[in-house]
Amino acid sequence: MPGTFTTTTVTISTGSDEAVTDLTGECERFLRENADGADGLLNIFVPHATAGIALIETGAGSDDDLLTTLHTLLPADDRWQHRHGSPGHGRDHVLPALVPPHATLPVVGGWLELGTWQSVCLVDTNKDNPDRRVRLSFLG
């Protein structure tokens, strides 16, 4: 029996500040509409050179801690070779090496298999691009 493959793109507005945006609800909605109770894999991909996908707890400070950590590892200053955009924008282009632009997660019975405190999040430190596309793909 052949598997099912379906994909869509959603647009997420992250605003003009650095952001960790919870995508879990979007992922669950997509699976409700497309997985039909099947087992499979959900791939989340952000086709941007300055954003990533992370699994992290949200709402208890971890999302802010992640942004603080990224500031420590990737300061927004003039050390970067890549210099167009806002000051320190070169660091945004290094971000996907640390927070990859994709994640592939198990789906069981049409439901995303996440740990108790895990959320699927878009990590965006690029203040110059407030609108992001995120591709959701289900292979069942």
# chains A, B, ... in the order shown; residues from 1 in each chain; ligands from 1
call {"tool": "residues_around", "arguments": {"residues": "Ile56 of chain A", "least_positions_apart": "3", "cutoff": "8 Å", "atoms": "only C-alpha atoms", "output": "JSON, numbers by chain"}}
result
{"A": [62, 63, 117, 118, 119, 120, 121]}
call {"tool": "residues_around", "arguments": {"residues": "Gly15 of chain A", "least_positions_apart": "4", "cutoff": "12 Å", "atoms": "only C-alpha atoms", "output": "PDB file with N, CA and C atoms, in the first residue's frame"}}
result
ATOM      1  N   ALA A  19      12.638  36.420  18.002  1.00  0.00           N
ATOM      2  CA  ALA A  19      11.473  35.690  18.487  1.00  0.00           C
ATOM      3  C   ALA A  19      11.680  34.179  18.466  1.00  0.00           C
ATOM      4  N   VAL A  20      11.058  33.541  19.440  1.00  0.00           N
ATOM      5  CA  VAL A  20      10.854  32.102  19.449  1.00  0.00           C
ATOM      6  C   VAL A  20       9.342  31.935  19.368  1.00  0.00           C
ATOM      7  N   THR A  21       8.857  31.452  18.228  1.00  0.00           N
ATOM      8  CA  THR A  21       7.424  31.373  17.962  1.00  0.00           C
ATOM      9  C   THR A  21       6.974  29.921  17.977  1.00  0.00           C
ATOM     10  N   ASP A 124      13.874  32.910  15.272  1.00  0.00           N
ATOM     11  CA  ASP A 124      14.159  33.957  14.288  1.00  0.00           C
ATOM     12  C   ASP A 124      14.833  35.132  14.980  1.00  0.00           C
ATOM     13  N   THR A 125      16.115  35.327  14.680  1.00  0.00           N
ATOM     14  CA  THR A 125      16.850  36.459  15.259  1.00  0.00           C
ATOM     15  C   THR A 125      16.995  37.610  14.266  1.00  0.00           C
ATOM     16  N   ASN A 126      16.487  37.428  13.051  1.00  0.00           N
ATOM     17  CA  ASN A 126      16.637  38.425  11.990  1.00  0.00           C
ATOM     18  C   ASN A 126      15.535  39.471  12.086  1.00  0.00           C
ATOM     19  N   LYS A 127      15.873  40.639  12.560  1.00  0.00           N
ATOM     20  CA  LYS A 127      14.904  41.724  12.716  1.00  0.00           C
ATOM     21  C   LYS A 127      14.500  42.346  11.377  1.00  0.00           C
ATOM     22  N   ASP A 128      15.254  42.046  10.320  1.00  0.00           N
ATOM     23  CA  ASP A 128      14.992  42.639   9.008  1.00  0.00           C
ATOM     24  C   ASP A 128      13.927  41.899   8.206  1.00  0.00           C
ATOM     25  N   ASN A 129      13.516  40.715   8.646  1.00  0.00           N
ATOM     26  CA  ASN A 129      12.561  39.910   7.876  1.00  0.00           C
ATOM     27  C   ASN A 129      11.463  39.401   8.810  1.00  0.00           C
ATOM     28  N   PRO A 130      10.365  40.145   8.959  1.00  0.00           N
ATOM     29  CA  PRO A 130       9.334  39.782   9.931  1.00  0.00           C
ATOM     30  C   PRO A 130       8.376  38.685   9.471  1.00  0.00           C
ATOM     31  N   ASP A 131       8.419  38.307   8.198  1.00  0.00           N
ATOM     32  CA  ASP A 131       7.498  37.287   7.691  1.00  0.00           C
ATOM     33  C   ASP A 131       8.284  36.074   7.221  1.00  0.00           C
ATOM     34  N   ARG A 132       7.916  34.916   7.763  1.00  0.00           N
ATOM     35  CA  ARG A 132       8.620  33.671   7.456  1.00  0.00           C
ATOM     36  C   ARG A 132       7.657  32.657   6.873  1.00  0.00           C
TER      37      ARG A 132
END
call {"tool": "select_by_dssp", "arguments": {"residues": "chain A", "states": "strand (DSSP E)", "output": "ChimeraX atom specification"}}
result
/A:5-13,19-22,40-45,51-56,102-108,111-112,119-124,131-139
call {"tool": "select_by_dssp", "arguments": {"residues": "segment 2-136 of chain A", "states": "helix (DSSP H, G or I)", "output": "ChimeraX atom specification"}}
result
/A:24-34,62-73,90-98
call {"tool": "closest_residue", "arguments": {"among": "A:Gly52, A:Gly109, A:Gly37, A:Gly140", "to": "Thr4 of chain A", "atoms": "only C-alpha atoms"}}
result
A:Gly140
call {"tool": "residues_around", "arguments": {"residues": "segment 89-104 of chain A", "least_positions_apart": "3", "cutoff": "6 Å", "atoms": "only C-alpha atoms", "output": "JSON, numbers by chain"}}
result
{"A": [42, 43, 44, 45, 46, 49, 50, 52, 53, 74, 80, 82, 83, 85, 86, 126]}
call {"tool": "closest_residue", "arguments": {"among": "A:Pro106, A:Thr8, A:Leu136, A:Glu18", "to": "Leu66 of chain A", "atoms": "only C-alpha atoms"}}
result
A:Glu18
call {"tool": "atom_distance", "arguments": {"atom1": "atom CA of Ala54 of chain A", "atom2": "atom CA of Gly115 of chain A"}}
result
13.3 Å
